[in-house]
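Source file: work-v4.cif (mmCIF, C-alpha atoms and all ligand atoms)
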data_final
#
loop_
_atom_site.label_atom_id
_atom_site.label_comp_id
_atom_site.auth_asym_id
_atom_site.auth_seq_id
_atom_site.Cartn_x
_atom_site.Cartn_y
_atom_site.Cartn_z
CA MET A 1 -15.17 17.66 -2.20
CA PRO A 2 -13.51 15.28 0.29
CA ASN A 3 -10.09 15.43 -1.50
CA ASN A 4 -8.96 12.12 -0.11
CA PHE A 5 -8.51 8.51 -1.23
CA LEU A 6 -9.05 4.99 0.02
CA ILE A 7 -6.44 2.23 -0.08
CA TYR A 8 -8.11 -1.17 -0.26
CA GLY A 9 -5.91 -4.12 0.77
CA ALA A 10 -3.94 -1.69 2.92
CA ASN A 11 -2.74 -4.50 5.19
CA GLY A 12 -1.06 -6.42 2.34
CA TYR A 13 2.66 -6.03 1.68
CA THR A 14 2.28 -3.37 -1.02
CA GLY A 15 -0.74 -1.68 0.55
CA GLU A 16 1.19 -1.25 3.79
CA LEU A 17 4.23 0.11 1.94
CA ILE A 18 2.10 2.61 0.03
CA THR A 19 0.41 3.64 3.28
CA ARG A 20 3.79 4.37 4.87
CA TYR A 21 4.98 6.45 1.92
CA ALA A 22 1.64 8.28 1.79
CA VAL A 23 1.87 9.26 5.45
CA GLU A 24 5.48 10.39 4.96
CA ARG A 25 4.33 12.85 2.31
CA GLY A 26 1.49 14.16 4.45
CA MET A 27 -1.37 12.32 2.77
CA THR A 28 -4.14 10.89 4.98
CA PRO A 29 -5.68 7.95 3.09
CA VAL A 30 -8.59 5.99 4.49
CA LEU A 31 -7.34 2.44 4.97
CA ALA A 32 -9.54 -0.51 4.09
CA GLY A 33 -9.55 -4.27 3.78
CA ARG A 34 -11.44 -7.35 4.88
CA ASN A 35 -9.22 -8.24 7.84
CA ALA A 36 -10.57 -6.11 10.72
CA ILE A 37 -7.68 -6.71 13.12
CA ALA A 38 -4.92 -6.04 10.58
CA VAL A 39 -6.59 -2.95 9.07
CA GLU A 40 -7.45 -1.45 12.44
CA SER A 41 -3.97 -1.93 13.84
CA LEU A 42 -2.34 -0.39 10.74
CA ALA A 43 -4.74 2.56 10.85
CA LYS A 44 -4.07 3.15 14.54
CA LYS A 45 -0.32 2.99 13.98
CA HIS A 46 -0.56 5.79 11.39
CA HIS A 47 -3.48 7.69 13.02
CA LEU A 48 -5.65 7.16 9.96
CA ASP A 49 -9.34 6.52 9.43
CA TYR A 50 -10.29 2.98 8.36
CA ARG A 51 -13.11 0.83 6.99
CA VAL A 52 -13.55 -2.92 7.11
CA PHE A 53 -15.49 -4.67 4.34
CA SER A 54 -15.13 -7.56 1.95
CA LEU A 55 -15.64 -7.16 -1.76
CA ASP A 56 -19.00 -8.91 -1.79
CA GLU A 57 -20.49 -6.33 0.59
CA GLY A 58 -21.66 -3.82 -2.03
CA TYR A 59 -23.56 -1.64 0.44
CA LEU A 60 -20.54 -1.27 2.71
CA ILE A 61 -18.28 -0.49 -0.26
CA ASP A 62 -20.67 2.27 -1.34
CA GLN A 63 -20.76 3.68 2.17
CA SER A 64 -16.99 3.60 2.49
CA LEU A 65 -16.50 5.54 -0.73
CA GLN A 66 -18.66 8.48 0.35
CA ASN A 67 -15.84 10.45 1.95
CA VAL A 68 -13.18 9.93 -0.71
CA ASP A 69 -12.66 10.98 -4.34
CA ALA A 70 -10.62 8.00 -5.45
CA VAL A 71 -9.60 4.41 -4.72
CA LEU A 72 -6.16 2.85 -4.88
CA HIS A 73 -6.93 -0.85 -5.02
CA CYS A 74 -4.02 -2.96 -3.72
CA ALA A 75 -5.76 -6.31 -3.11
CA GLY A 76 -4.84 -8.77 -5.82
CA PRO A 77 -4.97 -11.01 -7.81
CA PHE A 78 -7.06 -8.36 -9.53
CA SER A 79 -8.74 -10.81 -11.88
CA LEU A 80 -10.51 -11.93 -8.67
CA THR A 81 -10.92 -8.57 -6.93
CA SER A 82 -11.13 -5.65 -9.36
CA ARG A 83 -14.68 -6.00 -10.62
CA PRO A 84 -16.68 -5.19 -7.46
CA MET A 85 -14.42 -2.25 -6.69
CA VAL A 86 -14.48 -0.68 -10.15
CA GLU A 87 -18.25 -1.16 -10.32
CA ALA A 88 -18.60 0.61 -6.97
CA CYS A 89 -16.41 3.44 -8.28
CA LEU A 90 -18.65 3.81 -11.33
CA ARG A 91 -21.80 3.76 -9.18
CA ASN A 92 -20.43 6.34 -6.75
CA LYS A 93 -18.51 8.45 -9.32
CA LYS A 94 -15.10 7.95 -7.72
CA HIS A 95 -11.82 7.55 -9.59
CA TYR A 96 -10.41 4.03 -9.73
CA THR A 97 -6.72 3.09 -9.73
CA ASP A 98 -5.06 -0.23 -8.99
CA ILE A 99 -1.68 -1.96 -9.13
CA THR A 100 -2.62 -4.81 -11.43
CA GLY A 101 -0.31 -6.23 -14.05
CA GLU A 102 -2.81 -8.72 -15.44
CA ILE A 103 -3.57 -8.34 -19.15
CA ALA A 104 -7.14 -9.59 -18.79
CA VAL A 105 -7.84 -6.97 -16.12
CA PHE A 106 -6.48 -4.12 -18.28
CA GLU A 107 -8.67 -5.26 -21.15
CA LYS A 108 -11.78 -5.46 -18.95
CA MET A 109 -11.08 -1.96 -17.66
CA ALA A 110 -10.61 -0.65 -21.21
CA ARG A 111 -14.11 -1.87 -22.01
CA LEU A 112 -15.47 0.39 -19.24
CA ASP A 113 -14.18 3.50 -21.01
CA ARG A 114 -17.58 4.85 -22.05
CA GLN A 115 -19.15 4.20 -18.63
CA ALA A 116 -16.24 5.96 -16.93
CA GLN A 117 -16.56 8.95 -19.25
CA ASP A 118 -20.28 9.16 -18.55
CA ALA A 119 -19.57 9.05 -14.80
CA GLY A 120 -16.84 11.68 -15.17
CA ILE A 121 -14.27 9.44 -13.49
CA MET A 122 -10.89 8.10 -14.53
CA ILE A 123 -10.19 4.37 -14.49
CA MET A 124 -6.45 3.79 -14.45
CA PRO A 125 -5.28 0.26 -13.70
CA GLY A 126 -1.54 -0.50 -13.44
CA VAL A 127 -0.23 2.50 -11.50
CA GLY A 128 2.66 0.46 -10.02
CA PHE A 129 5.94 -0.83 -11.42
CA ASP A 130 3.70 -2.71 -13.81
CA VAL A 131 3.13 -0.60 -15.94
CA VAL A 132 4.26 2.97 -15.16
CA PRO A 133 7.99 2.76 -16.10
CA THR A 134 7.51 0.62 -19.20
CA ASP A 135 4.41 2.56 -20.26
CA CYS A 136 6.38 5.80 -20.06
CA LEU A 137 9.26 4.21 -21.97
CA ALA A 138 6.83 3.00 -24.65
CA LYS A 139 5.37 6.50 -25.02
CA HIS A 140 8.85 8.04 -25.10
CA LEU A 141 9.86 5.70 -27.94
CA LYS A 142 6.65 6.44 -29.83
CA ASP A 143 7.23 10.19 -29.40
CA ARG A 144 10.73 9.66 -30.84
CA LEU A 145 9.50 7.53 -33.76
CA PRO A 146 5.86 8.39 -34.54
CA THR A 147 5.81 5.91 -37.48
CA ALA A 148 6.70 2.94 -35.21
CA THR A 149 4.97 -0.35 -35.93
CA HIS A 150 6.92 -2.65 -33.59
CA LEU A 151 7.68 -2.11 -29.91
CA THR A 152 9.96 -4.25 -27.75
CA LEU A 153 10.25 -3.59 -24.02
CA ALA A 154 12.38 -5.29 -21.39
CA PHE A 155 13.07 -4.96 -17.69
CA TYR A 156 15.49 -6.51 -15.26
CA GLY A 157 14.33 -6.30 -11.67
CA MET A 158 16.93 -7.05 -9.11
CA GLY A 159 15.09 -7.98 -5.95
CA ARG A 160 12.72 -10.32 -4.16
CA LEU A 161 9.04 -10.76 -5.08
CA SER A 162 6.22 -10.12 -2.61
CA HIS A 163 3.61 -12.66 -1.51
CA GLY A 164 0.89 -11.18 -3.71
CA THR A 165 3.09 -10.99 -6.80
CA GLN A 166 4.04 -14.65 -6.43
CA ALA A 167 0.42 -15.61 -5.71
CA THR A 168 -0.76 -13.84 -8.88
CA MET A 169 2.02 -15.38 -11.00
CA THR A 170 1.27 -18.84 -9.59
CA MET A 171 -2.43 -18.45 -10.31
CA ASN A 172 -1.69 -17.58 -13.95
CA VAL A 173 0.99 -20.22 -14.48
CA GLY A 174 -1.08 -22.35 -16.85
CA GLN A 175 -1.95 -19.50 -19.19
CA GLY A 176 1.26 -19.37 -21.26
CA GLY A 177 2.56 -16.15 -22.80
CA ALA A 178 1.06 -13.26 -24.76
CA ILE A 179 2.20 -10.64 -27.26
CA ARG A 180 0.34 -8.09 -29.34
CA LYS A 181 0.33 -8.85 -33.03
CA ASP A 182 -1.32 -6.61 -35.63
CA GLY A 183 -3.21 -4.88 -32.82
CA LYS A 184 -4.57 -8.10 -31.29
CA ILE A 185 -3.49 -9.75 -28.07
CA THR A 186 -2.20 -13.12 -29.20
CA ARG A 187 -1.46 -16.17 -27.06
CA VAL A 188 2.03 -17.65 -27.46
CA PRO A 189 3.75 -20.44 -25.51
CA ALA A 190 5.35 -19.58 -22.16
CA ALA A 191 8.92 -18.26 -22.66
CA TRP A 192 8.17 -18.10 -26.39
CA LYS A 193 11.28 -16.17 -27.43
CA THR A 194 14.60 -15.26 -25.85
CA ARG A 195 17.07 -12.53 -26.85
CA GLU A 196 20.14 -10.79 -25.50
CA ILE A 197 19.26 -7.38 -24.03
CA ASP A 198 21.85 -4.68 -23.49
CA PHE A 199 20.66 -2.82 -20.38
CA GLY A 200 23.75 -0.61 -20.42
CA GLU A 201 25.48 -1.74 -17.27
CA VAL A 202 24.80 -5.44 -18.02
CA THR A 203 23.72 -7.57 -20.94
CA LYS A 204 21.26 -10.30 -19.99
CA LEU A 205 19.21 -13.00 -21.65
CA GLY A 206 15.60 -11.80 -21.77
CA VAL A 207 12.53 -14.00 -22.16
CA THR A 208 9.06 -13.00 -23.33
CA ILE A 209 6.42 -12.65 -20.62
CA PRO A 210 2.74 -11.69 -20.68
CA TRP A 211 3.43 -8.31 -18.97
CA GLY A 212 0.77 -5.63 -18.71
CA ASP A 213 2.21 -3.51 -21.52
CA VAL A 214 1.01 -6.07 -24.05
CA ALA A 215 -2.37 -4.56 -23.22
CA THR A 216 -1.55 -1.00 -22.18
CA ALA A 217 1.19 0.11 -24.61
CA TRP A 218 -1.36 -0.27 -27.40
CA TYR A 219 -3.61 2.33 -25.76
CA SER A 220 -0.65 4.59 -24.94
CA THR A 221 1.08 4.44 -28.33
CA GLY A 222 -1.15 2.75 -30.93
CA ILE A 223 1.84 0.57 -31.91
CA PRO A 224 0.24 -2.68 -33.10
CA ASN A 225 3.07 -5.16 -32.41
CA ILE A 226 4.34 -5.42 -28.83
CA GLU A 227 6.62 -7.87 -27.04
CA VAL A 228 7.84 -7.61 -23.44
CA TYR A 229 10.90 -9.40 -22.06
CA THR A 230 12.25 -9.91 -18.58
CA VAL A 231 15.31 -11.61 -17.13
CA VAL A 232 14.89 -14.81 -15.15
CA PRO A 233 17.53 -17.16 -13.71
CA ALA A 234 18.38 -20.12 -16.00
CA LYS A 235 16.73 -22.61 -13.61
CA GLN A 236 13.48 -20.64 -13.60
CA LEU A 237 13.57 -20.38 -17.41
CA LYS A 238 13.58 -24.17 -17.60
CA LEU A 239 10.58 -24.32 -15.27
CA ILE A 240 8.68 -21.74 -17.32
CA LYS A 241 9.33 -23.77 -20.46
CA LEU A 242 8.18 -26.89 -18.62
CA SER A 243 4.91 -25.10 -17.80
CA ARG A 244 4.10 -25.26 -21.55
CA TYR A 245 3.49 -28.97 -21.05
CA LEU A 246 2.51 -29.08 -17.37
CA GLY A 247 0.63 -25.77 -17.14
CA TRP A 248 -2.76 -27.51 -17.18
CA LEU A 249 -1.67 -29.66 -14.26
CA LEU A 250 -0.23 -26.73 -12.29
CA ALA A 251 -3.52 -24.88 -12.81
CA THR A 252 -5.66 -27.59 -11.18
CA ALA A 253 -7.22 -26.71 -7.83
CA PRO A 254 -5.32 -29.18 -5.60
CA ILE A 255 -1.91 -28.22 -7.03
CA GLN A 256 -2.77 -24.52 -6.90
CA GLN A 257 -3.80 -24.80 -3.24
CA ARG A 258 -0.51 -26.53 -2.47
CA LEU A 259 1.62 -24.02 -4.40
CA GLN A 260 -0.23 -21.03 -2.92
CA ARG A 261 0.28 -22.34 0.63
CA GLN A 262 4.04 -22.51 0.10
CA ILE A 263 4.39 -18.80 -0.81
CA PRO A 264 5.95 -16.89 2.10
CA ALA A 265 4.15 -13.79 3.42
CA GLY A 266 5.59 -10.30 3.02
CA GLY A 267 8.14 -9.08 0.51
CA PRO A 268 11.50 -7.36 0.32
CA SER A 269 12.67 -5.62 3.51
CA ASP A 270 13.33 -1.87 3.56
CA ASP A 271 17.01 -2.63 3.35
CA GLU A 272 16.57 -4.94 0.34
CA ARG A 273 14.43 -2.33 -1.39
CA ALA A 274 17.00 0.36 -0.73
CA LYS A 275 19.74 -1.79 -2.27
CA GLY A 276 17.65 -3.00 -5.24
CA LYS A 277 17.07 -1.30 -8.57
CA THR A 278 15.54 -1.97 -11.94
CA LEU A 279 16.94 -1.61 -15.43
CA LEU A 280 14.68 -1.05 -18.41
CA TRP A 281 15.24 -1.07 -22.14
CA GLY A 282 12.99 -0.45 -25.11
CA GLN A 283 13.10 -0.25 -28.86
CA ALA A 284 10.65 0.94 -31.51
CA GLU A 285 10.96 0.20 -35.21
CA ASP A 286 9.00 1.10 -38.31
CA LEU A 287 8.52 -0.60 -41.67
CA ASN A 288 11.20 1.57 -43.33
CA GLY A 289 13.94 0.22 -41.05
CA ASN A 290 14.03 3.27 -38.75
CA ARG A 291 14.80 2.32 -35.16
CA VAL A 292 15.05 4.12 -31.82
CA GLU A 293 16.30 2.63 -28.58
CA SER A 294 16.24 4.00 -25.01
CA ARG A 295 17.19 2.78 -21.55
CA MET A 296 16.07 3.66 -18.08
CA THR A 297 17.10 2.95 -14.51
CA ALA A 298 14.59 3.12 -11.68
CA PRO A 299 14.41 2.28 -7.97
CA GLU A 300 13.54 -1.26 -6.86
CA GLY A 301 10.16 -2.46 -8.12
CA TYR A 302 8.03 -2.12 -4.95
CA THR A 303 9.53 1.28 -4.18
CA THR A 304 8.72 2.40 -7.71
CA THR A 305 5.21 0.98 -7.30
CA ALA A 306 4.55 3.00 -4.15
CA LEU A 307 6.01 6.24 -5.51
CA ALA A 308 4.35 5.99 -8.93
CA ALA A 309 0.96 5.13 -7.44
CA LEU A 310 1.09 8.05 -5.02
CA ASN A 311 2.32 10.53 -7.64
CA ILE A 312 -0.67 9.59 -9.78
CA MET A 313 -3.06 9.74 -6.83
CA GLN A 314 -1.82 13.21 -5.92
CA LYS A 315 -2.52 14.41 -9.48
CA ILE A 316 -6.04 12.98 -9.30
CA LEU A 317 -6.69 14.69 -5.97
CA ASP A 318 -5.37 17.93 -7.48
CA GLY A 319 -8.01 17.64 -10.22
CA ASN A 320 -5.53 16.55 -12.89
CA PHE A 321 -7.29 13.57 -14.49
CA THR A 322 -8.91 12.59 -17.78
CA PRO A 323 -12.29 10.83 -17.54
CA GLY A 324 -12.52 7.37 -19.12
CA PHE A 325 -10.12 4.44 -19.24
CA GLN A 326 -6.55 5.75 -19.18
CA THR A 327 -3.03 4.41 -19.12
CA PRO A 328 -0.42 6.29 -17.06
CA ALA A 329 1.59 7.62 -20.01
CA ARG A 330 -1.45 8.45 -22.12
CA ALA A 331 -2.89 10.60 -19.33
CA TYR A 332 0.32 12.11 -17.97
CA GLY A 333 2.94 11.75 -20.73
CA ALA A 334 6.25 9.90 -21.08
CA ASP A 335 7.99 12.07 -18.46
CA LEU A 336 5.65 11.01 -15.65
CA ILE A 337 8.23 8.43 -14.55
CA LEU A 338 10.96 11.09 -14.33
CA GLU A 339 9.08 12.62 -11.38
CA ILE A 340 10.42 9.74 -9.25
CA ASP A 341 13.78 10.40 -7.58
CA GLY A 342 16.44 8.06 -8.89
CA VAL A 343 14.91 7.51 -12.33
CA ALA A 344 17.17 8.25 -15.29
CA ARG A 345 16.46 7.84 -19.02
CA GLN A 346 18.97 7.67 -21.81
CA ASP A 347 18.48 7.53 -25.59
CA VAL A 348 20.87 5.04 -27.15
CA VAL A 349 19.99 5.21 -30.85
N1 LIG B 1 1.77 -3.49 -10.56
C1 LIG B 1 2.80 -3.79 -9.82
O1 LIG B 1 3.91 -3.48 -10.15
C2 LIG B 1 2.58 -4.49 -8.52
C3 LIG B 1 3.43 -4.28 -7.45
C4 LIG B 1 3.16 -4.93 -6.25
C5 LIG B 1 2.08 -5.78 -6.15
N2 LIG B 1 1.28 -5.98 -7.24
C6 LIG B 1 0.10 -6.84 -7.16
O2 LIG B 1 -0.66 -6.40 -6.06
C7 LIG B 1 -1.32 -7.49 -5.44
C8 LIG B 1 -0.98 -7.47 -3.96
O3 LIG B 1 0.38 -7.82 -3.77
P1 LIG B 1 0.99 -7.90 -2.28
O4 LIG B 1 2.31 -8.53 -2.38
O5 LIG B 1 0.81 -6.61 -1.62
O6 LIG B 1 -0.01 -9.00 -1.67
P2 LIG B 1 -0.24 -9.52 -0.19
O7 LIG B 1 0.84 -9.09 0.73
O8 LIG B 1 -0.54 -10.96 -0.33
O9 LIG B 1 -1.57 -8.72 0.22
C9 LIG B 1 -2.74 -8.91 -0.48
C10 LIG B 1 -3.81 -8.00 0.07
O10 LIG B 1 -4.98 -8.19 -0.71
C11 LIG B 1 -6.03 -8.64 0.13
N3 LIG B 1 -6.88 -9.57 -0.63
C12 LIG B 1 -6.47 -10.60 -1.39
N4 LIG B 1 -7.53 -11.21 -1.93
C13 LIG B 1 -8.62 -10.53 -1.50
C14 LIG B 1 -10.01 -10.68 -1.71
N5 LIG B 1 -10.51 -11.66 -2.48
N6 LIG B 1 -10.84 -9.81 -1.13
C15 LIG B 1 -10.37 -8.81 -0.35
N7 LIG B 1 -9.05 -8.63 -0.10
C16 LIG B 1 -8.20 -9.48 -0.67
C17 LIG B 1 -5.36 -9.28 1.31
O11 LIG B 1 -6.25 -9.30 2.38
P3 LIG B 1 -6.15 -10.39 3.55
O12 LIG B 1 -4.95 -10.01 4.38
O13 LIG B 1 -7.43 -10.24 4.25
O14 LIG B 1 -5.96 -11.73 2.87
C18 LIG B 1 -4.19 -8.32 1.51
O15 LIG B 1 -4.62 -7.14 2.13
C19 LIG B 1 -0.85 -8.72 -6.21
O16 LIG B 1 -1.84 -9.05 -7.17
C20 LIG B 1 0.42 -8.30 -6.88
O17 LIG B 1 0.67 -9.01 -8.07
C21 LIG B 1 1.52 -5.36 -8.41
#

Starting from the coordinates I provided, produce the structure as structure tokens.
Amino acid sequence: MPNNFLIYGANGYTGELITRYAVERGMTPVLAGRNAIAVESLAKKHHLDYRVFSLDEGYLIDQSLQNVDAVLHCAGPFSLTSRPMVEACLRNKKHYTDITGEIAVFEKMARLDRQAQDAGIMIMPGVGFDVVPTDCLAKHLKDRLPTATHLTLAFYGMGRLSHGTQATMTMNVGQGGAIRKDGKITRVPAAWKTREIDFGEVTKLGVTIPWGDVATAWYSTGIPNIEVYTVVPAKQLKLIKLSRYLGWLLATAPIQQRLQRQIPAGGPSDDERAKGKTLLWGQAEDLNGNRVESRMTAPEGYTTTALAALNIMQKILDGNFTPGFQTPARAYGADLILEIDGVARQDVV
């Protein structure tokens, strides 16, 4: 077996960061992407093998997967890019991972469960900050309260967003919010609910967002009612609420093109990442009024993304995987996140 993996979108902000961390820990991923100059120069810098192909070149994708066991797909928005890559992984019997946070993508991947089992491969979307920390927190809360029927998760990320994250958020701006209700993903207005969240070192106003856990925590815990909150500045909260009425307009092609052009390239610097951190909080309740609550601190979001994705990839390469569609915590347990330096978890109630 080749015992190696391919990073697609390696020249993007997150792909490049993951590449750097991978090399630091002695991994030798094959780098890939559609931009020949950028991919080649990154590969040369790190003395790595590389492949250049776009996602509509099925034959080249197949060829490029021959010498690897797994893919770490870093080219988003994944609602536009995941399908050709996961189909190639199924065809070639290679494990598929990505760093999506998009609910629709998780749900599409979940529907490939049987095909992945038949191919003997694992499909695990969301191996980054979205959703590894919150997925592990969800599983931890479920382990603490097996009768839980309601799950509330929240995170407070202190740091700048990358180009791709902003591009993906901008693309989805017209879609409103989402929660899981009675086991079903249910559309709600943008910024549907707000609540005070006690993160331990600070209390902040949280607002509901359509975060990946609305999809994944259901598979990891079976809890049928899920809401996810994050903290946004007051000015941004007003804009999100405004998108309830103007979302359709913001989603039109000319406005999208304009908004997408204004997003700056790159993401947080190494220094910003080193100074940043994330706070997480979660609560599970059952119908008898039992309640458990836990908190977590983790490194800055993009650092956590790179470390979580590589920890999972290393397990896959070591033969530690479960065929089919998987979520991080379902496959590797609630303590997966504790393998990252700087992560701490505390049970409050
Ligand atoms: N789960 C998480 O916590 C997490 C963390 C970080 C990022 N993300 C997500 O990851 C994605 C990338 O973010 P980023 O900031 O790294 O983005 P970025 O800096 O804009 O880089 C995007 C990369 O994807 C490639 N790409 C985009 N569309 C493509 C397409 N249609 N076909 C082939 N390649 C394509 C780009 O290639 P070109 O250079 O050729 O355009 C580039 O290599 C975003 O969707 C973001 O939301 C998620």

Q: Please give me, as a PyMOL selection string, the residues lying within 8 Å of ligand LIG 1 (chain B) when counting only C-alpha atoms and all ligand atoms.
A: chain A and resi 8-16+33-35+38+54-55+74-78+80-81+98-101+126-131+161-169+265-267+301-302+304-305

Q | Point-to-point distance in Å for atom CA of Val348 of chain A and atom CA of Arg144 of chain A | A | 11.7 Å

Q.
I need every residue sitting at most 8 Å from the point (-2.2, -1.1, -30.7) (coordinates as in the file, all atoms listed in the file considered), written as number ranges by chain.
A. A: 180, 182-184, 217-219, 221-225

Taking (12.9, 3.6, -28.3) in the file's coordinates as the center, which residues reach within 10 Å of it, counting all atoms listed in the file, put as a CSV table (one decimal) with C-alpha atoms, in the frame of the given file?
chain,number,residue,atom,x,y,z
A,137,LEU,CA,9.3,4.2,-22.0
A,138,ALA,CA,6.8,3.0,-24.6
A,139,LYS,CA,5.4,6.5,-25.0
A,140,HIS,CA,8.8,8.0,-25.1
A,141,LEU,CA,9.9,5.7,-27.9
A,142,LYS,CA,6.6,6.4,-29.8
A,143,ASP,CA,7.2,10.2,-29.4
A,144,ARG,CA,10.7,9.7,-30.8
A,145,LEU,CA,9.5,7.5,-33.8
A,148,ALA,CA,6.7,2.9,-35.2
A,151,LEU,CA,7.7,-2.1,-29.9
A,152,THR,CA,10.0,-4.2,-27.8
A,153,LEU,CA,10.2,-3.6,-24.0
A,281,TRP,CA,15.2,-1.1,-22.1
A,282,GLY,CA,13.0,-0.4,-25.1
A,283,GLN,CA,13.1,-0.2,-28.9
A,284,ALA,CA,10.6,0.9,-31.5
A,285,GLU,CA,11.0,0.2,-35.2
A,291,ARG,CA,14.8,2.3,-35.2
A,292,VAL,CA,15.0,4.1,-31.8
A,293,GLU,CA,16.3,2.6,-28.6
A,294,SER,CA,16.2,4.0,-25.0
A,295,ARG,CA,17.2,2.8,-21.6
A,346,GLN,CA,19.0,7.7,-21.8
A,347,ASP,CA,18.5,7.5,-25.6
A,348,VAL,CA,20.9,5.0,-27.2
A,349,VAL,CA,20.0,5.2,-30.8

Q: Between A:Gln236, A:Gln66, A:Ser79, A:Thr134, single out the one closest to Val214 of chain A, counting all atoms listed in the file.
A: A:Thr134

Q.
What's around Ala190 of chain A at 10 Å? Count only C-alpha atoms, leave out sequence neighbours fewer than 6 positions away in its own chain, and write the answer as JSON, numbers by chain.
A. {"A": [173, 174, 175, 176, 177, 178, 207, 208, 209, 210, 237, 239, 240, 241, 242, 243, 244, 245, 247]}

Could you turn the residues from that selection into a file that holds C-alpha atoms, as a PDB file, keeping the file's coordinate frame?
ATOM      1  CA  VAL A 173       0.990 -20.220 -14.480  1.00  0.00           C
ATOM      2  CA  GLY A 174      -1.080 -22.350 -16.850  1.00  0.00           C
ATOM      3  CA  GLN A 175      -1.950 -19.500 -19.190  1.00  0.00           C
ATOM      4  CA  GLY A 176       1.260 -19.370 -21.260  1.00  0.00           C
ATOM      5  CA  GLY A 177       2.560 -16.150 -22.800  1.00  0.00           C
ATOM      6  CA  ALA A 178       1.060 -13.260 -24.760  1.00  0.00           C
ATOM      7  CA  VAL A 207      12.530 -14.000 -22.160  1.00  0.00           C
ATOM      8  CA  THR A 208       9.060 -13.000 -23.330  1.00  0.00           C
ATOM      9  CA  ILE A 209       6.420 -12.650 -20.620  1.00  0.00           C
ATOM     10  CA  PRO A 210       2.740 -11.690 -20.680  1.00  0.00           C
ATOM     11  CA  LEU A 237      13.570 -20.380 -17.410  1.00  0.00           C
ATOM     12  CA  LEU A 239      10.580 -24.320 -15.270  1.00  0.00           C
ATOM     13  CA  ILE A 240       8.680 -21.740 -17.320  1.00  0.00           C
ATOM     14  CA  LYS A 241       9.330 -23.770 -20.460  1.00  0.00           C
ATOM     15  CA  LEU A 242       8.180 -26.890 -18.620  1.00  0.00           C
ATOM     16  CA  SER A 243       4.910 -25.100 -17.800  1.00  0.00           C
ATOM     17  CA  ARG A 244       4.100 -25.260 -21.550  1.00  0.00           C
ATOM     18  CA  TYR A 245       3.490 -28.970 -21.050  1.00  0.00           C
ATOM     19  CA  GLY A 247       0.630 -25.770 -17.140  1.00  0.00           C
TER      20      GLY A 247
END

Q.
I'd like the contact shell of segment 84-92 of chain A - 12 Å cut-off, only C-alpha atoms, skipping same-chain residues fewer than 4 positions apart - returned as a ChimeraX atom specification.
A. /A:5-9,32-33,53-76,78-80,96-98,105-106,108-125,323-325

So that I have them on file, write out the residues from the current selection with C-alpha atoms, as a short mmCIF file (atom, residue, chain, number, x, y, z; two decimals), keeping the file's coordinate frame.
data_model
loop_
_atom_site.label_atom_id
_atom_site.label_comp_id
_atom_site.auth_asym_id
_atom_site.auth_seq_id
_atom_site.Cartn_x
_atom_site.Cartn_y
_atom_site.Cartn_z
CA PHE A 5 -8.51 8.51 -1.23
CA LEU A 6 -9.05 4.99 0.02
CA ILE A 7 -6.44 2.23 -0.08
CA TYR A 8 -8.11 -1.17 -0.26
CA GLY A 9 -5.91 -4.12 0.77
CA ALA A 32 -9.54 -0.51 4.09
CA GLY A 33 -9.55 -4.27 3.78
CA PHE A 53 -15.49 -4.67 4.34
CA SER A 54 -15.13 -7.56 1.95
CA LEU A 55 -15.64 -7.16 -1.76
CA ASP A 56 -19.00 -8.91 -1.79
CA GLU A 57 -20.49 -6.33 0.59
CA GLY A 58 -21.66 -3.82 -2.03
CA TYR A 59 -23.56 -1.64 0.44
CA LEU A 60 -20.54 -1.27 2.71
CA ILE A 61 -18.28 -0.49 -0.26
CA ASP A 62 -20.67 2.27 -1.34
CA GLN A 63 -20.76 3.68 2.17
CA SER A 64 -16.99 3.60 2.49
CA LEU A 65 -16.50 5.54 -0.73
CA GLN A 66 -18.66 8.48 0.35
CA ASN A 67 -15.84 10.45 1.95
CA VAL A 68 -13.18 9.93 -0.71
CA ASP A 69 -12.66 10.98 -4.34
CA ALA A 70 -10.62 8.00 -5.45
CA VAL A 71 -9.60 4.41 -4.72
CA LEU A 72 -6.16 2.85 -4.88
CA HIS A 73 -6.93 -0.85 -5.02
CA CYS A 74 -4.02 -2.96 -3.72
CA ALA A 75 -5.76 -6.31 -3.11
CA GLY A 76 -4.84 -8.77 -5.82
CA PHE A 78 -7.06 -8.36 -9.53
CA SER A 79 -8.74 -10.81 -11.88
CA LEU A 80 -10.51 -11.93 -8.67
CA TYR A 96 -10.41 4.03 -9.73
CA THR A 97 -6.72 3.09 -9.73
CA ASP A 98 -5.06 -0.23 -8.99
CA VAL A 105 -7.84 -6.97 -16.12
CA PHE A 106 -6.48 -4.12 -18.28
CA LYS A 108 -11.78 -5.46 -18.95
CA MET A 109 -11.08 -1.96 -17.66
CA ALA A 110 -10.61 -0.65 -21.21
CA ARG A 111 -14.11 -1.87 -22.01
CA LEU A 112 -15.47 0.39 -19.24
CA ASP A 113 -14.18 3.50 -21.01
CA ARG A 114 -17.58 4.85 -22.05
CA GLN A 115 -19.15 4.20 -18.63
CA ALA A 116 -16.24 5.96 -16.93
CA GLN A 117 -16.56 8.95 -19.25
CA ASP A 118 -20.28 9.16 -18.55
CA ALA A 119 -19.57 9.05 -14.80
CA GLY A 120 -16.84 11.68 -15.17
CA ILE A 121 -14.27 9.44 -13.49
CA MET A 122 -10.89 8.10 -14.53
CA ILE A 123 -10.19 4.37 -14.49
CA MET A 124 -6.45 3.79 -14.45
CA PRO A 125 -5.28 0.26 -13.70
CA PRO A 323 -12.29 10.83 -17.54
CA GLY A 324 -12.52 7.37 -19.12
CA PHE A 325 -10.12 4.44 -19.24
#
